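*Asks:* So I've got this file, data.cif, and it contains mmCIF, C-alpha atoms:
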```
data_coords
loop_
_atom_site.label_atom_id
_atom_site.label_comp_id
_atom_site.auth_asym_id
_atom_site.auth_seq_id
_atom_site.Cartn_x
_atom_site.Cartn_y
_atom_site.Cartn_z
CA MET A 3 -28.03 -11.84 21.13
CA ASN A 4 -27.52 -11.53 17.40
CA THR A 5 -28.95 -8.77 15.24
CA ALA A 6 -31.06 -11.36 13.41
CA SER A 7 -33.07 -14.35 14.49
CA ALA A 8 -31.37 -17.74 14.43
CA GLN A 9 -32.96 -18.48 11.04
CA GLU A 10 -31.92 -15.08 9.65
CA LYS A 11 -28.40 -15.51 11.03
CA SER A 12 -28.10 -18.88 9.33
CA THR A 13 -29.20 -17.31 6.06
CA THR A 14 -26.69 -14.49 6.43
CA ILE A 15 -23.79 -16.80 7.20
CA SER A 16 -24.66 -19.14 4.31
CA GLN A 17 -24.25 -16.36 1.75
CA ALA A 18 -21.15 -16.49 -0.46
CA PRO A 19 -18.47 -16.07 0.60
CA ALA A 20 -19.57 -18.16 3.56
CA LEU A 21 -18.75 -17.13 7.11
CA LYS A 22 -17.63 -19.97 9.33
CA TRP A 23 -17.10 -20.00 13.08
CA ALA A 24 -13.69 -21.03 14.34
CA SER A 25 -11.70 -20.62 17.52
CA ALA A 26 -8.11 -19.87 18.39
CA HIS A 27 -6.41 -20.83 21.63
CA ALA A 28 -3.76 -18.71 23.29
CA ASP A 29 -2.69 -17.99 26.88
CA GLY A 30 -5.31 -20.35 28.24
CA ILE A 31 -8.32 -18.68 26.64
CA GLU A 32 -10.50 -19.53 23.65
CA ILE A 33 -10.89 -16.67 21.19
CA ARG A 34 -13.93 -16.66 18.92
CA CYS A 35 -13.18 -16.20 15.22
CA LEU A 36 -15.09 -15.83 11.99
CA GLU A 37 -13.46 -16.90 8.73
CA ALA A 38 -14.42 -16.56 5.09
CA GLY A 39 -12.79 -16.77 1.69
CA ALA A 40 -9.42 -18.05 0.56
CA GLY A 41 -6.07 -16.64 -0.45
CA SER A 42 -3.55 -14.51 1.40
CA PRO A 43 -4.67 -13.93 5.01
CA LEU A 44 -6.27 -10.63 6.00
CA VAL A 45 -6.76 -10.49 9.77
CA TYR A 46 -9.30 -8.08 11.27
CA LEU A 47 -9.52 -6.79 14.86
CA HIS A 48 -12.78 -5.02 15.71
CA GLY A 49 -13.27 -1.81 17.67
CA GLY A 50 -14.90 -0.89 20.96
CA GLY A 51 -18.41 -1.36 19.57
CA GLY A 52 -17.97 -5.12 19.68
CA PHE A 53 -17.54 -8.04 17.30
CA ARG A 54 -19.07 -7.14 13.95
CA LEU A 55 -18.30 -7.21 10.23
CA SER A 56 -19.51 -4.88 7.47
CA VAL A 57 -20.15 -5.61 3.82
CA ALA A 58 -16.67 -4.21 3.18
CA HIS A 59 -15.28 -7.28 4.96
CA ARG A 60 -17.49 -9.49 2.79
CA ALA A 61 -15.86 -7.91 -0.26
CA PHE A 62 -12.40 -8.54 1.21
CA ALA A 63 -13.29 -12.23 1.62
CA GLU A 64 -13.74 -12.49 -2.13
CA CYS A 65 -9.97 -12.03 -2.58
CA HIS A 66 -8.47 -13.03 0.77
CA ARG A 67 -8.75 -15.48 3.60
CA LEU A 68 -10.52 -13.15 6.02
CA VAL A 69 -9.96 -13.99 9.69
CA ALA A 70 -11.83 -11.83 12.21
CA LEU A 71 -11.04 -12.32 15.88
CA GLU A 72 -13.14 -11.25 18.86
CA LEU A 73 -10.92 -9.27 21.20
CA PRO A 74 -10.50 -10.71 24.71
CA GLY A 75 -12.88 -9.04 27.14
CA PHE A 76 -15.48 -8.29 24.47
CA GLY A 77 -18.56 -10.40 23.86
CA LYS A 78 -18.10 -14.08 24.64
CA THR A 79 -14.28 -14.15 24.57
CA PRO A 80 -12.88 -13.88 28.10
CA ALA A 81 -10.03 -11.61 29.03
CA HIS A 82 -6.80 -12.86 30.57
CA ALA A 83 -5.52 -11.44 33.85
CA SER A 84 -2.52 -10.03 31.98
CA HIS A 85 -4.69 -8.00 29.56
CA THR A 86 -4.16 -4.60 31.13
CA SER A 87 -3.06 -2.87 27.92
CA ALA A 88 -3.42 -3.01 24.15
CA ARG A 89 0.14 -4.30 23.95
CA ALA A 90 -0.62 -7.24 26.25
CA ILE A 91 -3.65 -8.23 24.15
CA ALA A 92 -1.52 -7.94 21.00
CA ALA A 93 0.83 -10.59 22.39
CA THR A 94 -2.11 -12.97 22.91
CA ILE A 95 -3.47 -12.26 19.43
CA ALA A 96 -0.06 -13.05 17.92
CA ARG A 97 -0.08 -16.46 19.61
CA ALA A 98 -3.70 -16.99 18.53
CA LEU A 99 -2.74 -16.40 14.90
CA GLU A 100 0.04 -18.95 15.22
CA SER A 101 -2.53 -21.46 16.50
CA LEU A 102 -4.55 -20.78 13.32
CA GLY A 103 -1.53 -21.54 11.14
CA ILE A 104 -1.02 -17.92 10.07
CA ASP A 105 2.68 -17.15 9.64
CA VAL A 106 2.29 -13.79 7.88
CA CYS A 107 -0.74 -11.63 7.15
CA ALA A 108 -2.10 -8.25 6.25
CA LEU A 109 -3.50 -6.85 9.49
CA MET A 110 -6.49 -4.52 9.78
CA GLY A 111 -7.82 -2.97 12.97
CA HIS A 112 -10.61 -0.54 13.81
CA SER A 113 -10.49 2.00 16.65
CA VAL A 114 -8.98 0.30 19.72
CA GLY A 115 -8.45 -2.76 17.52
CA ALA A 116 -6.15 -0.59 15.41
CA ASN A 117 -4.10 0.23 18.52
CA ILE A 118 -3.75 -3.47 19.26
CA ALA A 119 -2.81 -4.07 15.62
CA LEU A 120 -0.10 -1.41 15.90
CA TRP A 121 1.51 -3.12 18.88
CA LEU A 122 1.23 -6.51 17.20
CA ALA A 123 3.06 -5.21 14.12
CA ILE A 124 5.70 -3.52 16.29
CA ASP A 125 6.41 -6.49 18.55
CA HIS A 126 5.97 -9.22 15.90
CA PRO A 127 7.30 -7.69 12.66
CA ALA A 128 7.69 -11.04 10.87
CA LEU A 129 3.96 -11.72 11.30
CA VAL A 130 2.61 -8.57 9.60
CA SER A 131 3.27 -7.72 5.94
CA SER A 132 1.09 -4.59 5.82
CA LEU A 133 -1.09 -2.71 8.27
CA ILE A 134 -4.46 -0.97 7.86
CA LEU A 135 -5.58 1.34 10.67
CA VAL A 136 -9.26 2.32 10.50
CA ALA A 137 -10.06 5.28 12.79
CA PRO A 138 -7.16 4.46 15.15
CA THR A 139 -7.30 5.98 18.63
CA ALA A 140 -3.62 5.85 19.60
CA PHE A 141 -3.31 9.64 19.17
CA ARG A 142 -6.23 11.71 20.40
CA PRO A 143 -6.73 15.41 20.94
CA GLU A 144 -8.12 16.35 24.34
CA ALA A 145 -11.60 16.94 22.89
CA SER A 146 -12.12 13.37 21.74
CA GLY A 147 -14.64 10.68 22.50
CA ILE A 148 -12.27 8.17 24.07
CA GLY A 149 -10.48 9.35 27.16
CA GLY A 150 -11.22 12.98 26.30
CA SER A 151 -13.87 15.53 27.20
CA LEU A 152 -16.49 14.33 24.69
CA PRO A 153 -18.73 11.31 25.35
CA HIS A 154 -17.88 8.23 23.32
CA GLU A 155 -21.15 6.83 22.04
CA ILE A 156 -21.33 3.47 20.30
CA PRO A 157 -23.45 4.29 17.23
CA ALA A 158 -26.33 2.21 15.98
CA GLN A 159 -25.20 -0.30 13.38
CA ASP A 160 -26.40 0.35 9.83
CA ALA A 161 -28.22 -2.90 9.03
CA ALA A 162 -27.91 -2.30 5.29
CA HIS A 163 -24.12 -2.26 5.57
CA LEU A 164 -23.78 -4.97 8.21
CA TRP A 165 -22.59 -8.46 7.33
CA PHE A 166 -22.45 -9.84 10.85
CA GLY A 167 -23.19 -8.21 14.19
CA GLU A 168 -24.42 -9.00 17.68
CA LEU A 169 -26.75 -6.90 19.77
CA ALA A 170 -25.38 -5.75 23.10
CA SER A 171 -27.38 -4.70 26.14
CA SER A 172 -26.88 -1.21 27.57
CA GLN A 173 -24.81 -2.75 30.36
CA GLU A 174 -22.62 -4.59 27.86
CA GLN A 175 -22.21 -1.41 25.81
CA THR A 176 -21.09 0.46 28.91
CA SER A 177 -18.62 -2.30 29.74
CA MET A 178 -17.21 -2.29 26.19
CA ARG A 179 -16.94 1.49 26.22
CA GLU A 180 -15.02 1.44 29.50
CA LEU A 181 -12.74 -1.34 28.27
CA ALA A 182 -12.06 0.52 25.01
CA ARG A 183 -11.21 3.66 26.96
CA SER A 184 -8.86 1.73 29.22
CA LEU A 185 -7.10 -0.03 26.33
CA SER A 186 -6.73 3.20 24.34
CA GLY A 187 -4.35 4.51 26.99
CA PRO A 188 -3.24 8.14 27.18
CA GLY A 189 -4.03 10.64 24.44
CA THR A 190 -0.39 10.50 23.39
CA ASP A 191 1.72 7.49 24.33
CA PRO A 192 5.41 8.43 23.92
CA ASP A 193 6.50 4.78 24.01
CA LEU A 194 4.11 3.87 21.19
CA ALA A 195 5.04 6.96 19.17
CA LYS A 196 8.72 6.05 19.44
CA ALA A 197 8.08 2.38 18.58
CA MET A 198 6.11 3.37 15.47
CA GLY A 199 9.29 4.81 14.02
CA GLY A 200 10.66 1.29 13.70
CA LEU A 201 7.83 0.00 11.51
CA ALA A 202 9.28 -0.99 8.13
CA ILE A 203 6.03 -2.12 6.52
CA PRO A 204 3.56 0.03 4.55
CA VAL A 205 0.73 1.39 6.69
CA LEU A 206 -2.64 2.82 5.61
CA ALA A 207 -4.53 4.99 8.12
CA LEU A 208 -8.16 5.92 7.40
CA PHE A 209 -10.05 8.73 9.14
CA GLY A 210 -13.71 9.72 8.83
CA THR A 211 -14.31 13.43 8.39
CA ARG A 212 -17.50 13.28 10.53
CA SER A 213 -15.97 11.37 13.44
CA SER A 214 -16.67 12.77 16.91
CA VAL A 215 -14.34 10.21 18.47
CA VAL A 216 -11.01 11.16 16.88
CA SER A 217 -10.41 14.31 14.84
CA THR A 218 -8.77 14.06 11.42
CA ASP A 219 -6.09 16.33 12.97
CA ALA A 220 -4.71 13.15 14.55
CA ALA A 221 -3.71 11.91 11.09
CA ARG A 222 -0.63 14.14 11.15
CA GLU A 223 0.75 12.25 14.16
CA TYR A 224 0.66 8.94 12.30
CA SER A 225 2.34 10.50 9.26
CA ARG A 226 5.09 11.92 11.51
CA SER A 227 5.62 8.74 13.51
CA ILE A 228 5.42 5.99 10.85
CA PRO A 229 7.95 6.06 7.98
CA LYS A 230 5.70 4.50 5.31
CA CYS A 231 2.30 5.74 6.41
CA PHE A 232 -0.41 6.74 3.92
CA THR A 233 -3.21 8.73 5.58
CA THR A 234 -6.58 9.00 3.87
CA MET A 235 -9.62 11.09 4.82
CA VAL A 236 -12.94 9.44 4.00
CA TYR A 237 -15.62 12.08 3.52
CA ASP A 238 -19.11 11.69 4.94
CA ALA A 239 -17.94 8.96 7.34
CA GLY A 240 -17.99 8.91 11.11
CA HIS A 241 -15.96 6.70 13.42
CA ASP A 242 -17.42 3.50 11.93
CA ILE A 243 -16.00 4.28 8.50
CA ASP A 244 -16.69 0.88 6.95
CA LEU A 245 -20.36 1.00 7.97
CA ASP A 246 -20.82 4.55 6.68
CA ARG A 247 -18.94 4.15 3.38
CA PRO A 248 -18.18 0.46 2.79
CA ASP A 249 -17.55 0.83 -0.96
CA ALA A 250 -14.96 3.54 -0.35
CA VAL A 251 -13.19 1.45 2.29
CA THR A 252 -13.20 -1.62 0.05
CA ALA A 253 -11.71 0.28 -2.87
CA VAL A 254 -8.95 2.08 -1.00
CA VAL A 255 -7.92 -0.93 1.11
CA GLU A 256 -7.79 -3.29 -1.88
CA ASN A 257 -5.75 -0.72 -3.80
CA PHE A 258 -3.35 -0.47 -0.86
CA LEU A 259 -3.05 -4.25 -0.47
CA GLN A 260 -2.31 -4.66 -4.17
CA HIS A 261 0.26 -1.88 -4.49
CA GLY A 262 1.86 -1.59 -1.05
CA GLU A 263 4.55 1.08 -1.00
CA SER A 264 3.59 2.24 -4.50
CA PHE A 265 0.03 2.98 -3.30
CA ILE A 266 -1.25 6.38 -4.47
CA VAL A 267 -4.56 7.89 -3.43
CA ASN A 268 -6.58 9.24 -6.35
CA ARG A 269 -7.96 12.47 -4.90
CA GLU A 270 -10.44 12.90 -7.75
CA ASN A 271 -12.50 9.82 -6.99
CA ALA A 272 -15.31 9.20 -4.52
CA ILE A 273 -13.00 7.71 -1.94
CA ILE A 274 -11.68 11.12 -0.96
CA ASN A 275 -14.28 13.56 -2.27
CA PRO A 276 -18.02 13.46 -1.57
#
```
Do you think you could lay out the structure here as structure tokens?

*Replies:*
Amino acid sequence: MNTASAQEKSTTISQAPALKWASAHADGIEIRCLEAGAGSPLVYLHGGGGFRLSVAHRAFAECHRLVALELPGFGKTPAHASHTSARAIAATIARALESLGIDVCALMGHSVGANIALWLAIDHPALVSSLILVAPTAFRPEASGIGGSLPHEIPAQDAAHLWFGELASSQEQTSMRELARSLSGPGTDPDLAKAMGGLAIPVLALFGTRSSVVSTDAAREYSRSIPKCFTTMVYDAGHDIDLDRPDAVTAVVENFLQHGESFIVNRENAIINP
């Protein structure tokens, strides 16, 4: 069930830039997609909270062809029997992008979607020109909310900062939480850490300073493992960074996409400081 009534949803989707439903086919399954805008492709993979877009994504669609895919096993997109890991789902997503005519793209993932994006960039380097990891969960201290000692709660969505979202029942939330935990894998995956060293593209990793899911301490692991990784702490943001501070996410991501390896974080602006 959507966050708005059918009439409200229609109104939301008709706003410029317009969101349009699409579908991609790969490995025998149909993957739901939302597209908006035009220009160079920016592909987005959502996190464990389910298929949703913030107003930050709406801003991205003003400059890019935004393509958001629903991850297999979440919402209305079925999982494949082979989807036992983030890496396996990444292989399906790569084939789905080919079915959409996307040969190369900037790739953005949130939470477990960031882990899938990492594997996609590692295994399909020609497909990804740059990578944005929003609150990635590939490295987690023991006291974390996914696979650690702390509970991982899916927070309420901030309606003021939500572009598109779907309501999930408590049973569906539990299922998504368990699937996210399973796909996140171990707190430290030595195979993934080693594979990250081969990434030749620029990578931006964003962490919320108020996140109870993954500590900002994890940022050091990405800096150590990825040669061209820029880590950024977003103050006053939890795990859902783009819902908490959409303007900050829009500004820093657009800056990164424009400048690539020459990207420099301005530590005096509101992106970093409160």

*Asks:* Let me know the residues the PyMOL selection byres ((chain A and resi 74-77) around 10) catches in the file above, as a PyMOL selection string.

*Replies:* chain A and resi 3+31-34+48-53+71-73+78-82+85+91+94-95+168-170+174-175+177-178+181-182

*Asks:* Those same residues, written as a CSV table (one decimal), keeping the file's coordinate frame with C-alpha atoms?

*Replies:*
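Output below, filename part.csv:
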```
chain,number,residue,atom,x,y,z
A,3,MET,CA,-28.0,-11.8,21.1
A,31,ILE,CA,-8.3,-18.7,26.6
A,32,GLU,CA,-10.5,-19.5,23.6
A,33,ILE,CA,-10.9,-16.7,21.2
A,34,ARG,CA,-13.9,-16.7,18.9
A,48,HIS,CA,-12.8,-5.0,15.7
A,49,GLY,CA,-13.3,-1.8,17.7
A,50,GLY,CA,-14.9,-0.9,21.0
A,51,GLY,CA,-18.4,-1.4,19.6
A,52,GLY,CA,-18.0,-5.1,19.7
A,53,PHE,CA,-17.5,-8.0,17.3
A,71,LEU,CA,-11.0,-12.3,15.9
A,72,GLU,CA,-13.1,-11.2,18.9
A,73,LEU,CA,-10.9,-9.3,21.2
A,78,LYS,CA,-18.1,-14.1,24.6
A,79,THR,CA,-14.3,-14.2,24.6
A,80,PRO,CA,-12.9,-13.9,28.1
A,81,ALA,CA,-10.0,-11.6,29.0
A,82,HIS,CA,-6.8,-12.9,30.6
A,85,HIS,CA,-4.7,-8.0,29.6
A,91,ILE,CA,-3.6,-8.2,24.2
A,94,THR,CA,-2.1,-13.0,22.9
A,95,ILE,CA,-3.5,-12.3,19.4
A,168,GLU,CA,-24.4,-9.0,17.7
A,169,LEU,CA,-26.8,-6.9,19.8
A,170,ALA,CA,-25.4,-5.8,23.1
A,174,GLU,CA,-22.6,-4.6,27.9
A,175,GLN,CA,-22.2,-1.4,25.8
A,177,SER,CA,-18.6,-2.3,29.7
A,178,MET,CA,-17.2,-2.3,26.2
A,181,LEU,CA,-12.7,-1.3,28.3
A,182,ALA,CA,-12.1,0.5,25.0
```

*Asks:* Convert the output of the PyMOL selection byres ((chain A and resi 93) around 10) on the shown file into explicit residues, formatted as a PDB file with C-alpha atoms, in the frame of the given file.

*Replies:*
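The result, written out as result_8.pdb:
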```pdb
ATOM      1  CA  ALA A  28      -3.760 -18.710  23.290  1.00  0.00           C
ATOM      2  CA  ASP A  29      -2.690 -17.990  26.880  1.00  0.00           C
ATOM      3  CA  HIS A  85      -4.690  -8.000  29.560  1.00  0.00           C
ATOM      4  CA  ALA A  88      -3.420  -3.010  24.150  1.00  0.00           C
ATOM      5  CA  ARG A  89       0.140  -4.300  23.950  1.00  0.00           C
ATOM      6  CA  ALA A  90      -0.620  -7.240  26.250  1.00  0.00           C
ATOM      7  CA  ILE A  91      -3.650  -8.230  24.150  1.00  0.00           C
ATOM      8  CA  ALA A  92      -1.520  -7.940  21.000  1.00  0.00           C
ATOM      9  CA  THR A  94      -2.110 -12.970  22.910  1.00  0.00           C
ATOM     10  CA  ILE A  95      -3.470 -12.260  19.430  1.00  0.00           C
ATOM     11  CA  ALA A  96      -0.060 -13.050  17.920  1.00  0.00           C
ATOM     12  CA  ARG A  97      -0.080 -16.460  19.610  1.00  0.00           C
ATOM     13  CA  ALA A  98      -3.700 -16.990  18.530  1.00  0.00           C
ATOM     14  CA  ILE A 118      -3.750  -3.470  19.260  1.00  0.00           C
ATOM     15  CA  TRP A 121       1.510  -3.120  18.880  1.00  0.00           C
ATOM     16  CA  LEU A 122       1.230  -6.510  17.200  1.00  0.00           C
ATOM     17  CA  ASP A 125       6.410  -6.490  18.550  1.00  0.00           C
ATOM     18  CA  HIS A 126       5.970  -9.220  15.900  1.00  0.00           C
TER      19      HIS A 126
END
```

*Asks:* Which value, in Å to one decimal, gives the distance between atom CA of Ile124 of chain A and atom CA of Leu102 of chain A?

*Replies:*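 Going from atom CA of Ile124 of chain A over to atom CA of Leu102 of chain A covers 20.3 Å.
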
*Asks:* Between A:Ser131, A:His27, A:Ser113, A:Leu36, which residue has the minimum interatomic distance to Glu100 of chain A, considering all atoms listed in the file?

*Replies:*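 Between A:Ser131, A:His27, A:Ser113, A:Leu36, the residue approaching Glu100 of chain A most closely is A:His27.
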
*Asks:* Which of these, A:Ala61, A:Leu109, A:Ala38, A:Ala26, has the shortest distance to Leu164 of chain A once you count only C-alpha atoms?

*Replies:*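 Among A:Ala61, A:Leu109, A:Ala38, A:Ala26, it is A:Ala61 that comes nearest to Leu164 of chain A.
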
*Asks:* Can you turn the PyMOL selection byres ((chain A and resi 207) around 6) into a concrete residue list for this file, as a count of residues only?

*Replies:* 6

*Asks:* Save segment 103-131 of chain A to a file: C-alpha atoms, as a PDB file, in the first residue's frame.

*Replies:*
```
ATOM      1  CA  GLY A 103      19.828  -0.068 -22.427  1.00  0.00           C
ATOM      2  CA  ILE A 104      22.255   1.252 -19.802  1.00  0.00           C
ATOM      3  CA  ASP A 105      25.859   0.608 -20.843  1.00  0.00           C
ATOM      4  CA  VAL A 106      27.543   2.811 -18.228  1.00  0.00           C
ATOM      5  CA  CYS A 107      26.177   4.724 -15.250  1.00  0.00           C
ATOM      6  CA  ALA A 108      26.872   6.425 -11.973  1.00  0.00           C
ATOM      7  CA  LEU A 109      25.678   3.986  -9.322  1.00  0.00           C
ATOM      8  CA  MET A 110      24.220   4.934  -5.941  1.00  0.00           C
ATOM      9  CA  GLY A 111      23.175   2.544  -3.195  1.00  0.00           C
ATOM     10  CA  HIS A 112      21.821   2.933   0.321  1.00  0.00           C
ATOM     11  CA  SER A 113      22.557   0.545   3.210  1.00  0.00           C
ATOM     12  CA  VAL A 114      22.355  -3.034   1.886  1.00  0.00           C
ATOM     13  CA  GLY A 115      21.773  -1.513  -1.563  1.00  0.00           C
ATOM     14  CA  ALA A 116      25.235   0.033  -1.228  1.00  0.00           C
ATOM     15  CA  ASN A 117      26.704  -3.422  -0.593  1.00  0.00           C
ATOM     16  CA  ILE A 118      25.041  -4.707  -3.755  1.00  0.00           C
ATOM     17  CA  ALA A 119      26.317  -1.648  -5.625  1.00  0.00           C
ATOM     18  CA  LEU A 120      29.848  -2.415  -4.421  1.00  0.00           C
ATOM     19  CA  TRP A 121      29.743  -5.938  -5.816  1.00  0.00           C
ATOM     20  CA  LEU A 122      28.211  -4.702  -9.070  1.00  0.00           C
ATOM     21  CA  ALA A 123      31.048  -2.202  -9.531  1.00  0.00           C
ATOM     22  CA  ILE A 124      33.648  -4.851  -8.655  1.00  0.00           C
ATOM     23  CA  ASP A 125      32.322  -7.577 -10.941  1.00  0.00           C
ATOM     24  CA  HIS A 126      31.180  -5.298 -13.793  1.00  0.00           C
ATOM     25  CA  PRO A 127      33.736  -2.465 -13.890  1.00  0.00           C
ATOM     26  CA  ALA A 128      32.818  -1.330 -17.408  1.00  0.00           C
ATOM     27  CA  LEU A 129      29.239  -0.661 -16.281  1.00  0.00           C
ATOM     28  CA  VAL A 130      29.993   1.766 -13.421  1.00  0.00           C
ATOM     29  CA  SER A 131      31.744   5.116 -13.915  1.00  0.00           C
TER      30      SER A 131
END
```
